[in-house]
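As structure tokens, the structure follows; a few thoughts come after it.
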Amino acid sequence: MKFKSRNKVSPEFSMSSMTDIVFLLLVFFMLTSNAPNALDLILPKAKGKSTNVKNVSVNIKKNHIFYVNEKKVGQSGIESELRKLLKGQDAPTVLLRAEEGVPIEDAVSVMDIANKNKYKIILAVRPK
């Protein structure tokens, strides 16, 4: 006696479920990954000639000590000291030097002071 099978196995494969899974994974990774937050800094460009512009340097040490032209000042006194030293200059420039390990908030506060008073600021780095 020969029995007939009522259920036939289809040799075709449907890709719609696979594309749904791939789409869901793509959406998941796009939503969970975020772009890094970064500071927009304008880095100085080297020029072939030297200028006779008087720069004022601001040094920040690891233990939150600020120096303006090697004069120790508090964080609240930086702005008044910079105004006094850069008064009457055509293109006032501040040279910012920060030790390694200084919190970024300290450097940004000096950059904010320079930006508010329309001073150019140069972020000095240690050459490799």
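Residue numbering restarts at 1 in every chain; chains get A, B, ... in the order shown in the structure tokens, and ligands count up from 1 in that same order.
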
(request) Do a neighbour search on region 110-114 of chain A at 10 Å with only C-alpha atoms, toss out local chain neighbours closer than 4 positions, and write the hits as a list in words. (result) Val58, Asn59, Ile60, Phe66, Gln75, Ile78, Glu79, Ser80, Leu82, Arg83, Pro92, Thr93, Val94, Leu96, Glu105, Asp106, Lys118, Tyr119, Lys120, Ile121, Ile122 and Leu123 of chain A

Write the residues of the selection above to a file with N, CA and C atoms, as a PDB file, in the first residue's frame.
```
ATOM      1  N   VAL A  58      49.251  82.255  29.401  1.00  0.00           N
ATOM      2  CA  VAL A  58      48.507  81.764  30.558  1.00  0.00           C
ATOM      3  C   VAL A  58      48.892  80.308  30.740  1.00  0.00           C
ATOM      4  N   ASN A  59      49.483  80.010  31.889  1.00  0.00           N
ATOM      5  CA  ASN A  59      49.889  78.640  32.192  1.00  0.00           C
ATOM      6  C   ASN A  59      48.955  78.077  33.248  1.00  0.00           C
ATOM      7  N   ILE A  60      48.531  76.833  33.038  1.00  0.00           N
ATOM      8  CA  ILE A  60      47.666  76.161  34.006  1.00  0.00           C
ATOM      9  C   ILE A  60      48.406  74.918  34.489  1.00  0.00           C
ATOM     10  N   PHE A  66      46.959  79.030  38.336  1.00  0.00           N
ATOM     11  CA  PHE A  66      47.022  79.768  37.083  1.00  0.00           C
ATOM     12  C   PHE A  66      48.140  80.803  37.160  1.00  0.00           C
ATOM     13  N   GLN A  75      41.828  82.046  39.605  1.00  0.00           N
ATOM     14  CA  GLN A  75      41.025  81.856  38.398  1.00  0.00           C
ATOM     15  C   GLN A  75      40.113  83.053  38.155  1.00  0.00           C
ATOM     16  N   ILE A  78      42.045  86.192  36.331  1.00  0.00           N
ATOM     17  CA  ILE A  78      42.673  86.048  35.010  1.00  0.00           C
ATOM     18  C   ILE A  78      42.181  87.125  34.057  1.00  0.00           C
ATOM     19  N   GLU A  79      40.889  87.362  34.038  1.00  0.00           N
ATOM     20  CA  GLU A  79      40.327  88.307  33.074  1.00  0.00           C
ATOM     21  C   GLU A  79      40.844  89.722  33.300  1.00  0.00           C
ATOM     22  N   SER A  80      40.884  90.159  34.539  1.00  0.00           N
ATOM     23  CA  SER A  80      41.374  91.518  34.808  1.00  0.00           C
ATOM     24  C   SER A  80      42.852  91.649  34.469  1.00  0.00           C
ATOM     25  N   LEU A  82      44.496  89.891  32.170  1.00  0.00           N
ATOM     26  CA  LEU A  82      44.626  89.892  30.715  1.00  0.00           C
ATOM     27  C   LEU A  82      44.226  91.242  30.131  1.00  0.00           C
ATOM     28  N   ARG A  83      43.151  91.838  30.653  1.00  0.00           N
ATOM     29  CA  ARG A  83      42.733  93.152  30.165  1.00  0.00           C
ATOM     30  C   ARG A  83      43.809  94.197  30.401  1.00  0.00           C
ATOM     31  N   PRO A  92      45.352  91.468  20.034  1.00  0.00           N
ATOM     32  CA  PRO A  92      45.791  90.819  21.274  1.00  0.00           C
ATOM     33  C   PRO A  92      45.722  89.296  21.161  1.00  0.00           C
ATOM     34  N   THR A  93      46.790  88.666  21.611  1.00  0.00           N
ATOM     35  CA  THR A  93      46.901  87.211  21.504  1.00  0.00           C
ATOM     36  C   THR A  93      47.248  86.625  22.862  1.00  0.00           C
ATOM     37  N   VAL A  94      46.550  85.540  23.203  1.00  0.00           N
ATOM     38  CA  VAL A  94      46.801  84.826  24.453  1.00  0.00           C
ATOM     39  C   VAL A  94      47.343  83.451  24.100  1.00  0.00           C
ATOM     40  N   LEU A  96      47.979  79.866  25.488  1.00  0.00           N
ATOM     41  CA  LEU A  96      47.496  79.010  26.576  1.00  0.00           C
ATOM     42  C   LEU A  96      48.340  77.750  26.641  1.00  0.00           C
ATOM     43  N   GLU A 105      37.899  71.778  31.851  1.00  0.00           N
ATOM     44  CA  GLU A 105      37.096  72.931  32.267  1.00  0.00           C
ATOM     45  C   GLU A 105      37.969  74.148  32.542  1.00  0.00           C
ATOM     46  N   ASP A 106      39.176  73.930  33.093  1.00  0.00           N
ATOM     47  CA  ASP A 106      40.079  75.051  33.361  1.00  0.00           C
ATOM     48  C   ASP A 106      40.536  75.705  32.063  1.00  0.00           C
ATOM     49  N   LYS A 118      37.384  89.075  22.819  1.00  0.00           N
ATOM     50  CA  LYS A 118      37.835  89.086  21.420  1.00  0.00           C
ATOM     51  C   LYS A 118      39.371  89.051  21.301  1.00  0.00           C
ATOM     52  N   TYR A 119      39.985  88.204  22.127  1.00  0.00           N
ATOM     53  CA  TYR A 119      41.420  87.946  22.020  1.00  0.00           C
ATOM     54  C   TYR A 119      41.613  86.702  21.172  1.00  0.00           C
ATOM     55  N   LYS A 120      42.677  86.696  20.397  1.00  0.00           N
ATOM     56  CA  LYS A 120      43.052  85.462  19.708  1.00  0.00           C
ATOM     57  C   LYS A 120      43.686  84.549  20.740  1.00  0.00           C
ATOM     58  N   ILE A 121      43.437  83.258  20.609  1.00  0.00           N
ATOM     59  CA  ILE A 121      44.028  82.325  21.569  1.00  0.00           C
ATOM     60  C   ILE A 121      44.762  81.232  20.804  1.00  0.00           C
ATOM     61  N   ILE A 122      45.931  80.926  21.298  1.00  0.00           N
ATOM     62  CA  ILE A 122      46.770  79.872  20.724  1.00  0.00           C
ATOM     63  C   ILE A 122      46.952  78.819  21.802  1.00  0.00           C
ATOM     64  N   LEU A 123      46.590  77.599  21.480  1.00  0.00           N
ATOM     65  CA  LEU A 123      46.751  76.483  22.406  1.00  0.00           C
ATOM     66  C   LEU A 123      48.108  75.848  22.130  1.00  0.00           C
TER      67      LEU A 123
END
```

(request) Looking only at helix (DSSP H, G or I) from DSSP on the backbone, list the matching residues of region 44-126 of chain A as a PyMOL selection string. (result) chain A and resi 75-85+104-116

(message) According to DSSP computed on the backbone, where in region 18-120 of chain A is there strand (DSSP E or B)? Give the residues as a list in words.
(response) Asn55, Val56, Ser57, Val58, Asn59, Ile60, Phe66, Tyr67, Val68, Lys71, Lys72, Val73, Thr93, Val94, Leu95, Leu96, Arg97, Ala98 and Lys120 of chain A

(message) Here is a test: counting only C-alpha atoms, which residue of A:Ser76, A:Asn34, A:Ser17, A:Gln89 is nearest to Asn55 (chain A)?
(response)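 Using only C-alpha atoms, the shortest distance to Asn55 (chain A) belongs to A:Gln89.
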
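Near Ser57 (chain A), within 8 Å and counting only C-alpha atoms, sit A:Tyr67, A:Val68, A:Asn69, A:Val94, A:Leu95, A:Leu96, A:Arg97, not including residues fewer than 4 positions from it in the same chain.
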
(message) To one decimal place in Å, what is the distance between CA of Asp90 (chain A) and CA of Asn117 (chain A)?
(response) 12.8 Å

(message) Can you measure CA of Lys72 (chain A) to CA of Val102 (chain A) for me? One decimal in Å is fine.
(response)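 Value for the CA of Lys72 (chain A)-CA of Val102 (chain A) distance: 16.5 Å.
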
(request) Between CA of Lys62 (chain A) and CA of Glu100 (chain A), measure the distance and give it in Å to one decimal. (result)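 CA of Lys62 (chain A) sits 7.3 Å away from CA of Glu100 (chain A).
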